[in-house]
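Colleague: File name entry18.txt; file contents compact mmCIF, C-alpha atoms and all ligand atoms; full text below.
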# COMPACT_ATOMS: atom_id res chain seq x y z
CA MET O 1 10.28 -44.97 -55.38
CA ARG O 2 10.58 -44.48 -51.59
CA ARG O 3 12.75 -42.31 -49.33
CA VAL O 4 13.50 -42.10 -45.58
CA CYS O 5 12.59 -38.71 -43.99
CA LYS O 6 15.59 -37.15 -42.20
CA LYS O 7 13.24 -35.67 -39.61
CA CYS O 8 10.89 -38.48 -38.54
CA GLY O 9 12.91 -41.40 -39.95
CA GLU O 10 9.89 -42.92 -41.68
CA GLU O 11 10.14 -44.40 -45.13
CA LYS O 12 7.57 -42.83 -47.43
CA GLU O 13 6.66 -42.62 -51.12
CA ILE O 14 8.71 -39.95 -52.94
CA GLU O 15 5.47 -37.99 -53.57
CA GLU O 16 5.17 -37.55 -49.78
CA PHE O 17 8.26 -35.29 -49.87
CA VAL O 18 8.28 -31.59 -50.62
CA LYS O 19 9.29 -30.59 -54.15
CA HIS O 20 12.86 -29.36 -54.38
CA LYS O 21 14.48 -28.62 -57.75
CA THR O 22 18.17 -29.18 -56.80
CA CYS O 23 17.61 -32.41 -54.84
CA ILE O 24 17.83 -35.90 -56.29
CA TYR O 25 14.53 -36.88 -57.97
CA GLY O 26 13.38 -33.29 -57.51
CA ARG O 27 12.21 -33.89 -53.95
CA GLY O 28 13.64 -32.75 -50.58
CA TYR O 29 14.68 -35.01 -47.67
CA THR O 30 12.00 -33.97 -45.18
CA CYS O 31 8.49 -35.33 -45.58
CA LYS O 32 5.54 -33.03 -46.14
CA LYS O 33 4.06 -33.76 -42.76
CA CYS O 34 7.32 -32.91 -40.93
CA LYS O 35 7.71 -29.77 -43.02
CA HIS O 36 4.16 -28.76 -42.10
CA ASP O 37 4.72 -29.42 -38.38
CA LEU O 38 7.89 -27.36 -38.51
CA TYR O 39 6.04 -24.55 -40.18
CA VAL O 40 3.23 -24.64 -37.57
CA ASP O 41 5.75 -24.63 -34.69
CA TYR O 42 7.61 -21.75 -36.22
CA ALA O 43 4.45 -19.77 -36.85
CA LYS O 44 3.26 -20.35 -33.30
CA LYS O 45 6.57 -19.35 -31.78
CA TYR O 46 7.02 -16.38 -33.97
CA SER O 47 3.50 -15.06 -33.46
CA SER O 48 3.66 -15.28 -29.65
CA GLU O 49 7.07 -13.67 -29.60
CA TYR O 50 5.84 -11.03 -31.93
CA ARG O 51 2.82 -10.37 -29.75
CA ILE O 52 4.98 -9.93 -26.65
CA ARG O 53 7.41 -7.66 -28.48
CA ARG O 54 4.51 -5.61 -29.78
CA LYS O 55 3.01 -5.31 -26.30
CA ASP O 56 6.33 -4.19 -24.84
CA TYR O 57 6.78 -1.74 -27.63
CA PHE O 58 3.39 -0.16 -27.04
CA LYS O 59 3.87 -0.16 -23.29
CA ASP O 60 7.15 1.72 -23.63
CA THR O 61 5.98 4.14 -26.26
CA ASN O 62 2.75 4.82 -24.37
CA LYS O 63 4.74 5.60 -21.27
CA ALA O 64 7.12 7.82 -23.18
CA TYR O 65 4.23 9.55 -24.89
CA LYS O 66 2.42 10.20 -21.64
CA GLU O 67 5.61 11.50 -20.06
CA LEU O 68 6.16 13.83 -22.99
CA HIS O 69 2.60 15.16 -22.78
CA LYS O 70 2.39 15.05 -19.01
CA GLU O 71 0.89 18.50 -18.64
CA TYR O 72 -1.81 17.72 -21.13
CA TYR O 73 -2.74 14.55 -19.29
CA ILE O 74 -2.85 16.33 -15.92
CA GLU O 75 -4.96 19.09 -17.41
CA TYR O 76 -7.21 16.53 -19.06
CA GLY O 77 -7.62 14.69 -15.77
CA LYS O 78 -8.57 17.89 -13.98
CA LYS O 79 -11.05 18.82 -16.68
CA TYR O 80 -12.57 15.37 -16.61
CA TYR O 81 -12.89 15.54 -12.85
CA ASN O 82 -14.54 18.95 -12.96
CA ASN O 83 -17.00 17.90 -15.64
CA ASN O 84 -17.89 14.62 -13.97
CA LYS O 85 -17.66 15.48 -10.29
CA ARG O 86 -21.11 14.21 -9.47
CA LYS O 87 -20.68 11.02 -11.45
CA ILE O 88 -17.29 10.32 -9.86
CA SER O 89 -18.44 10.98 -6.31
CA ALA O 90 -21.52 8.83 -6.90
CA ARG O 91 -19.28 6.07 -8.16
CA HIS O 92 -17.00 6.42 -5.12
CA GLY O 93 -20.01 6.46 -2.80
CA GLU O 94 -21.38 3.36 -4.43
CA TYR O 95 -18.00 1.68 -4.18
CA TYR O 96 -17.73 2.64 -0.53
CA ARG O 97 -21.26 1.42 0.20
CA LEU O 98 -20.64 -1.93 -1.47
CA ASN O 99 -17.26 -2.47 0.19
CA LYS O 100 -17.93 -0.88 3.55
CA ASP O 101 -16.95 -3.81 5.74
CA HIS O 102 -13.91 -4.61 3.67
CA LEU O 103 -12.76 -0.99 3.59
CA SER O 104 -13.25 -0.44 7.30
CA LYS O 105 -11.21 -3.55 7.96
CA ILE O 106 -8.42 -2.23 5.75
CA ASN O 107 -8.60 1.10 7.50
CA LYS O 108 -8.42 -0.46 10.95
CA ASN O 109 -5.45 -2.55 9.95
CA TYR O 110 -3.77 0.49 8.46
CA ASN O 111 -4.28 2.46 11.66
CA LYS O 112 -3.03 -0.40 13.75
CA LEU O 113 0.11 -0.73 11.67
CA ASN O 114 0.64 3.00 11.69
CA ARG O 115 0.10 3.27 15.42
CA ILE O 116 2.97 0.88 15.95
CA LYS O 117 5.09 2.87 13.52
CA ILE O 118 4.19 6.15 15.21
CA ASN O 119 4.88 4.73 18.66
CA ILE O 120 8.28 3.49 17.58
CA ALA O 121 9.10 6.83 15.98
CA ALA O 122 8.02 8.69 19.11
CA ARG O 123 10.09 6.44 21.32
CA LEU O 124 13.15 6.84 19.10
CA HIS O 125 12.71 10.61 19.13
CA ARG O 126 12.37 10.61 22.90
CA ASN O 127 15.48 8.47 23.34
CA SER O 128 17.59 10.72 21.16
CA ASN O 129 16.28 13.85 22.91
CA LEU O 130 15.99 12.39 26.38
CA GLU O 131 17.28 15.37 28.32
CA LYS O 132 14.91 17.77 26.61
CA TYR O 133 11.98 15.44 27.19
CA GLN O 134 12.80 14.91 30.85
CA GLN O 135 13.13 18.64 31.40
CA GLN O 136 9.79 19.18 29.70
CA GLU O 137 8.21 16.51 31.88
CA ARG O 138 9.65 18.04 35.04
CA GLN O 139 8.38 21.40 33.89
CA TYR O 140 4.95 19.88 33.26
CA VAL O 141 4.82 18.27 36.72
CA LYS O 142 6.04 21.48 38.36
CA SER O 143 3.46 23.60 36.60
CA GLY O 144 0.82 21.05 37.62
CA ILE O 145 1.87 21.41 41.23
CA ASP O 146 2.10 25.20 41.04
CA ASN O 147 -1.23 25.65 39.33
CA LEU O 148 -2.98 22.76 41.08
CA SER O 149 -4.04 21.25 37.79
CA ASP O 150 -6.87 18.69 37.73
CA ASN O 151 -4.42 15.97 36.73
CA TYR O 152 -2.11 16.73 39.63
CA ILE O 153 -4.97 16.74 42.17
CA LYS O 154 -6.42 13.57 40.72
CA LYS O 155 -3.05 11.88 41.16
CA ILE O 156 -2.79 13.04 44.77
CA ILE O 157 -6.33 11.86 45.58
CA SER O 158 -5.66 8.44 44.09
CA GLN O 159 -2.43 8.23 46.10
CA VAL O 160 -3.93 9.15 49.49
CA SER O 161 -7.22 7.29 49.03
CA ASP O 162 -8.31 4.07 47.35
CA ILE O 163 -10.73 5.81 45.01
CA PRO O 164 -10.19 4.62 41.43
CA MET O 165 -9.15 7.22 38.87
CA ARG O 166 -12.34 6.68 36.90
CA ILE O 167 -14.52 7.65 39.86
CA ILE O 168 -12.39 10.68 40.65
CA THR O 169 -12.73 11.87 37.05
CA GLU O 170 -16.50 11.45 37.25
CA HIS O 171 -16.71 13.68 40.35
CA PRO O 172 -15.26 17.11 39.69
CA GLU O 173 -16.55 18.31 43.09
CA LEU O 174 -14.09 15.90 44.70
CA ILE O 175 -11.25 17.50 42.79
CA GLU O 176 -12.54 20.99 43.64
CA ASN O 177 -12.75 20.18 47.38
CA TYR O 178 -9.27 18.75 47.44
CA ARG O 179 -7.95 21.79 45.60
CA LYS O 180 -9.42 24.05 48.28
CA GLN O 181 -7.79 21.93 50.98
CA ILE O 182 -4.40 22.20 49.34
CA ILE O 183 -4.74 25.95 48.92
CA LEU O 184 -5.64 26.27 52.58
CA LYS O 185 -2.71 24.08 53.69
CA ARG O 186 -0.32 26.08 51.54
CA SER O 187 -1.49 29.40 52.88
CA LEU O 188 -1.13 28.15 56.46
CA LYS O 189 2.41 26.95 55.66
CA LEU O 190 3.29 30.35 54.30
CA LYS O 191 2.08 32.07 57.47
CA LYS O 192 4.27 29.89 59.69
ZN ZN O 201 8.95 -36.88 -41.81
Now, as a test, write the supplied structure out as structure tokens.
Ligand SMILES: [Zn+2]
Modeller:
Amino acid sequence: MRRVCKKCGEEKEIEEFVKHKTCIYGRGYTCKKCKHDLYVDYAKKYSSEYRIRRKDYFKDTNKAYKELHKEYYIEYGKKYYNNNKRKISARHGEYYRLNKDHLSKINKNYNKLNRIKINIAARLHRNSNLEKYQQQERQYVKSGIDNLSDNYIKKIISQVSDIPMRIITEHPELIENYRKQIILKRSLKLKK
């Protein structure tokens, strides 16, 4: 006695089919092998789905649990830190030592990026408060002139001579001499 499997279409001996009381000849219409494959597929699918569901479930409940006991966790973290300060700082030091080049690169990049951000922010602030800034700048220049600040004198020296700013800065006696000259000129002007 032979039968064709409805799944794989192969003709097989009736004994190759799964036992089934209500079917003709007491055997089902799917062969044992196909039934087994189906079962394996199902088990595989179900178990991976189940695993993912389980993971999600624990992720969510863990989160919820931690949120609910937030204060405890914060307190626990503090306590742990206090009890293991030395260990933690040693670990950080070790980490820093091992990743020095990498970390300094990150830091440099961060500063670079931030510098651009800061510059843009400063420019935007200046543009939206232009009048205030200009007044402040005028005030700054005026006070420089009035008080004969180093910066003001340096600017004047570099304007009337060809001495580079760097050299002027390196020679404070130059600045001092010029200051005296200006004071003298001013006092003569006043007497006129
Ligand atoms: Zn089959």
Colleague: Write out as a list in words the residues lying within 8 Å of Arg27 in chain O, counting all atoms listed in the file and excluding same-chain residues fewer than 5 positions away.
Modeller: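 That gives Ile14, Glu15, Phe17, Val18, Lys19, His20 and Lys21 of chain O.
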Colleague: Would you mind listing the residues within 9 Å of ligand ZN 201 (chain O), counting all atoms listed in the file, as a VMD selection string?
Modeller: chain O and resid 4 to 12 16 to 17 29 to 35
Colleague: Just the selected residues (C-alpha atoms), exported as a compact mmCIF listing (two decimals), in the frame of the given file, please.
Modeller:
# COMPACT_ATOMS: atom_id res chain seq x y z
CA VAL O 4 13.50 -42.10 -45.58
CA CYS O 5 12.59 -38.71 -43.99
CA LYS O 6 15.59 -37.15 -42.20
CA LYS O 7 13.24 -35.67 -39.61
CA CYS O 8 10.89 -38.48 -38.54
CA GLY O 9 12.91 -41.40 -39.95
CA GLU O 10 9.89 -42.92 -41.68
CA GLU O 11 10.14 -44.40 -45.13
CA LYS O 12 7.57 -42.83 -47.43
CA GLU O 16 5.17 -37.55 -49.78
CA PHE O 17 8.26 -35.29 -49.87
CA TYR O 29 14.68 -35.01 -47.67
CA THR O 30 12.00 -33.97 -45.18
CA CYS O 31 8.49 -35.33 -45.58
CA LYS O 32 5.54 -33.03 -46.14
CA LYS O 33 4.06 -33.76 -42.76
CA CYS O 34 7.32 -32.91 -40.93
CA LYS O 35 7.71 -29.77 -43.02
Colleague: Between CA of Asp60 in chain O and CA of Asp41 in chain O, what is the distance in Å, rounded to a tenth?
Modeller: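 One can read the CA of Asp60 in chain O to CA of Asp41 in chain O distance as 28.6 Å.
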Colleague: Specify the axis-aligned box that encloses all atoms of range 123-137 of chain O listed in the file after padding of 5 Å on each side, stating its centre and edge lengths in Å to one decimal as lines of an AutoDock Vina configuration file.
Modeller:
center_x = 12.9
center_y = 12.8
center_z = 25.5
size_x = 19.4
size_y = 22.7
size_z = 22.8
Colleague: Separation of CA of Ser158 in chain O and CA of Lys180 in chain O, in Å?
Modeller: 16.6 Å
Colleague: Would you mind listing what lies within 12 Å of Asn177 in chain O as a list in words, with all atoms listed in the file counted and same-chain residues fewer than 6 positions away left out?
Modeller: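 Non-adjacent residues within range: Leu148, Asp150, Ile153, Lys154, Ile157, Ile168, His171, Ile183 and Leu184 of chain O.
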Colleague: Of the residues O:Glu173, O:Lys108, O:Tyr178, O:Glu13, which is the one nearest to Ser161 in chain O, using all atoms listed in the file?
Modeller: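 When distances to Ser161 in chain O are compared using all atoms listed in the file, the smallest one comes from O:Tyr178.
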Colleague: Mind giving me the straight-line distance from CA of Asn107 in chain O to CA of Tyr95 in chain O in Å, one decimal?
Modeller: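 CA of Asn107 in chain O sits 15.0 Å away from CA of Tyr95 in chain O.
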Colleague: Kindly write range 42-86 of chain O with N, CA and C atoms to a file, as a JSON list (two decimals), in the first residue's frame.
Modeller:
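So the final result, stored in part_10.json, reads:
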[["chain", "number", "residue", "atom", "x", "y", "z"],
["O", 42, "TYR", "N", 8.86, 24.96, 12.96],
["O", 42, "TYR", "CA", 7.98, 25.60, 13.93],
["O", 42, "TYR", "C", 8.73, 25.85, 15.24],
["O", 43, "ALA", "N", 9.44, 24.83, 15.68],
["O", 43, "ALA", "CA", 10.15, 24.93, 16.96],
["O", 43, "ALA", "C", 11.21, 26.05, 16.87],
["O", 44, "LYS", "N", 11.90, 26.08, 15.75],
["O", 44, "LYS", "CA", 12.94, 27.09, 15.56],
["O", 44, "LYS", "C", 12.34, 28.49, 15.63],
["O", 45, "LYS", "N", 11.27, 28.65, 14.83],
["O", 45, "LYS", "CA", 10.63, 29.96, 14.73],
["O", 45, "LYS", "C", 10.09, 30.38, 16.08],
["O", 46, "TYR", "N", 9.41, 29.46, 16.69],
["O", 46, "TYR", "CA", 8.78, 29.79, 17.95],
["O", 46, "TYR", "C", 9.84, 30.15, 18.98],
["O", 47, "SER", "N", 10.92, 29.36, 19.03],
["O", 47, "SER", "CA", 11.89, 29.59, 20.10],
["O", 47, "SER", "C", 12.60, 30.93, 19.91],
["O", 48, "SER", "N", 12.89, 31.32, 18.63],
["O", 48, "SER", "CA", 13.58, 32.60, 18.45],
["O", 48, "SER", "C", 12.63, 33.76, 18.77],
["O", 49, "GLU", "N", 11.38, 33.59, 18.35],
["O", 49, "GLU", "CA", 10.39, 34.62, 18.66],
["O", 49, "GLU", "C", 10.22, 34.75, 20.17],
["O", 50, "TYR", "N", 10.17, 33.60, 20.78],
["O", 50, "TYR", "CA", 9.99, 33.58, 22.22],
["O", 50, "TYR", "C", 11.16, 34.26, 22.92],
["O", 51, "ARG", "N", 12.36, 33.98, 22.42],
["O", 51, "ARG", "CA", 13.55, 34.58, 23.02],
["O", 51, "ARG", "C", 13.52, 36.11, 22.93],
["O", 52, "ILE", "N", 13.12, 36.60, 21.72],
["O", 52, "ILE", "CA", 13.06, 38.04, 21.52],
["O", 52, "ILE", "C", 12.01, 38.66, 22.44],
["O", 53, "ARG", "N", 10.86, 38.02, 22.47],
["O", 53, "ARG", "CA", 9.77, 38.53, 23.32],
["O", 53, "ARG", "C", 10.22, 38.60, 24.77],
["O", 54, "ARG", "N", 10.90, 37.56, 25.20],
["O", 54, "ARG", "CA", 11.38, 37.45, 26.57],
["O", 54, "ARG", "C", 12.38, 38.57, 26.88],
["O", 55, "LYS", "N", 13.27, 38.82, 25.90],
["O", 55, "LYS", "CA", 14.27, 39.85, 26.06],
["O", 55, "LYS", "C", 13.60, 41.22, 26.23],
["O", 56, "ASP", "N", 12.65, 41.48, 25.31],
["O", 56, "ASP", "CA", 11.91, 42.74, 25.36],
["O", 56, "ASP", "C", 11.20, 42.90, 26.69],
["O", 57, "TYR", "N", 10.60, 41.81, 27.10],
["O", 57, "TYR", "CA", 9.85, 41.84, 28.35],
["O", 57, "TYR", "C", 10.77, 42.23, 29.50],
["O", 58, "PHE", "N", 11.95, 41.59, 29.55],
["O", 58, "PHE", "CA", 12.86, 41.88, 30.65],
["O", 58, "PHE", "C", 13.44, 43.28, 30.55],
["O", 59, "LYS", "N", 13.66, 43.71, 29.30],
["O", 59, "LYS", "CA", 14.20, 45.06, 29.11],
["O", 59, "LYS", "C", 13.20, 46.07, 29.69],
["O", 60, "ASP", "N", 11.95, 45.92, 29.29],
["O", 60, "ASP", "CA", 10.91, 46.85, 29.74],
["O", 60, "ASP", "C", 10.72, 46.81, 31.24],
["O", 61, "THR", "N", 10.62, 45.58, 31.76],
["O", 61, "THR", "CA", 10.35, 45.49, 33.20],
["O", 61, "THR", "C", 11.55, 45.97, 34.00],
["O", 62, "ASN", "N", 12.77, 45.71, 33.49],
["O", 62, "ASN", "CA", 13.95, 46.19, 34.20],
["O", 62, "ASN", "C", 13.95, 47.71, 34.27],
["O", 63, "LYS", "N", 13.60, 48.30, 33.13],
["O", 63, "LYS", "CA", 13.56, 49.75, 33.05],
["O", 63, "LYS", "C", 12.54, 50.29, 34.04],
["O", 64, "ALA", "N", 11.36, 49.69, 33.98],
["O", 64, "ALA", "CA", 10.28, 50.14, 34.86],
["O", 64, "ALA", "C", 10.68, 49.97, 36.32],
["O", 65, "TYR", "N", 11.32, 48.87, 36.60],
["O", 65, "TYR", "CA", 11.74, 48.57, 37.97],
["O", 65, "TYR", "C", 12.74, 49.61, 38.46],
["O", 66, "LYS", "N", 13.71, 49.89, 37.58],
["O", 66, "LYS", "CA", 14.74, 50.86, 37.96],
["O", 66, "LYS", "C", 14.14, 52.24, 38.15],
["O", 67, "GLU", "N", 13.17, 52.58, 37.30],
["O", 67, "GLU", "CA", 12.52, 53.88, 37.40],
["O", 67, "GLU", "C", 11.77, 53.97, 38.74],
["O", 68, "LEU", "N", 11.13, 52.89, 39.07],
["O", 68, "LEU", "CA", 10.33, 52.84, 40.31],
["O", 68, "LEU", "C", 11.23, 52.97, 41.54],
["O", 69, "HIS", "N", 12.42, 52.38, 41.45],
["O", 69, "HIS", "CA", 13.34, 52.39, 42.60],
["O", 69, "HIS", "C", 14.54, 53.28, 42.33],
["O", 70, "LYS", "N", 14.26, 54.37, 41.63],
["O", 70, "LYS", "CA", 15.31, 55.29, 41.19],
["O", 70, "LYS", "C", 16.20, 55.73, 42.36],
["O", 71, "GLU", "N", 15.54, 56.19, 43.41],
["O", 71, "GLU", "CA", 16.29, 56.72, 44.55],
["O", 71, "GLU", "C", 17.24, 55.68, 45.12],
["O", 72, "TYR", "N", 16.74, 54.47, 45.21],
["O", 72, "TYR", "CA", 17.58, 53.39, 45.72],
["O", 72, "TYR", "C", 18.82, 53.21, 44.84],
["O", 73, "TYR", "N", 18.60, 53.23, 43.53],
["O", 73, "TYR", "CA", 19.72, 53.02, 42.61],
["O", 73, "TYR", "C", 20.74, 54.14, 42.70],
["O", 74, "ILE", "N", 20.23, 55.38, 42.82],
["O", 74, "ILE", "CA", 21.14, 56.53, 42.95],
["O", 74, "ILE", "C", 21.96, 56.40, 44.24],
["O", 75, "GLU", "N", 21.22, 56.07, 45.30],
["O", 75, "GLU", "CA", 21.88, 55.92, 46.61],
["O", 75, "GLU", "C", 22.92, 54.80, 46.55],
["O", 76, "TYR", "N", 22.53, 53.71, 45.91],
["O", 76, "TYR", "CA", 23.43, 52.57, 45.77],
["O", 76, "TYR", "C", 24.69, 52.96, 44.99],
["O", 77, "GLY", "N", 24.48, 53.73, 43.92],
["O", 77, "GLY", "CA", 25.60, 54.18, 43.11],
["O", 77, "GLY", "C", 26.56, 55.04, 43.91],
["O", 78, "LYS", "N", 25.99, 55.94, 44.69],
["O", 78, "LYS", "CA", 26.81, 56.82, 45.54],
["O", 78, "LYS", "C", 27.62, 55.99, 46.53],
["O", 79, "LYS", "N", 26.92, 55.07, 47.17],
["O", 79, "LYS", "CA", 27.56, 54.23, 48.18],
["O", 79, "LYS", "C", 28.71, 53.44, 47.56],
["O", 80, "TYR", "N", 28.42, 52.88, 46.40],
["O", 80, "TYR", "CA", 29.42, 52.08, 45.70],
["O", 80, "TYR", "C", 30.63, 52.94, 45.38],
["O", 81, "TYR", "N", 30.34, 54.16, 44.92],
["O", 81, "TYR", "CA", 31.44, 55.07, 44.57],
["O", 81, "TYR", "C", 32.29, 55.37, 45.80],
["O", 82, "ASN", "N", 31.60, 55.70, 46.90],
["O", 82, "ASN", "CA", 32.34, 56.04, 48.12],
["O", 82, "ASN", "C", 33.18, 54.89, 48.64],
["O", 83, "ASN", "N", 32.64, 53.69, 48.52],
["O", 83, "ASN", "CA", 33.36, 52.52, 49.04],
["O", 83, "ASN", "C", 34.49, 52.06, 48.12],
["O", 84, "ASN", "N", 34.42, 52.49, 46.86],
["O", 84, "ASN", "CA", 35.40, 51.97, 45.89],
["O", 84, "ASN", "C", 36.15, 53.08, 45.16],
["O", 85, "LYS", "N", 36.18, 54.24, 45.82],
["O", 85, "LYS", "CA", 36.81, 55.41, 45.20],
["O", 85, "LYS", "C", 38.16, 55.10, 44.59],
["O", 86, "ARG", "N", 39.00, 54.48, 45.42],
["O", 86, "ARG", "CA", 40.38, 54.24, 44.99],
["O", 86, "ARG", "C", 40.41, 53.31, 43.77]]
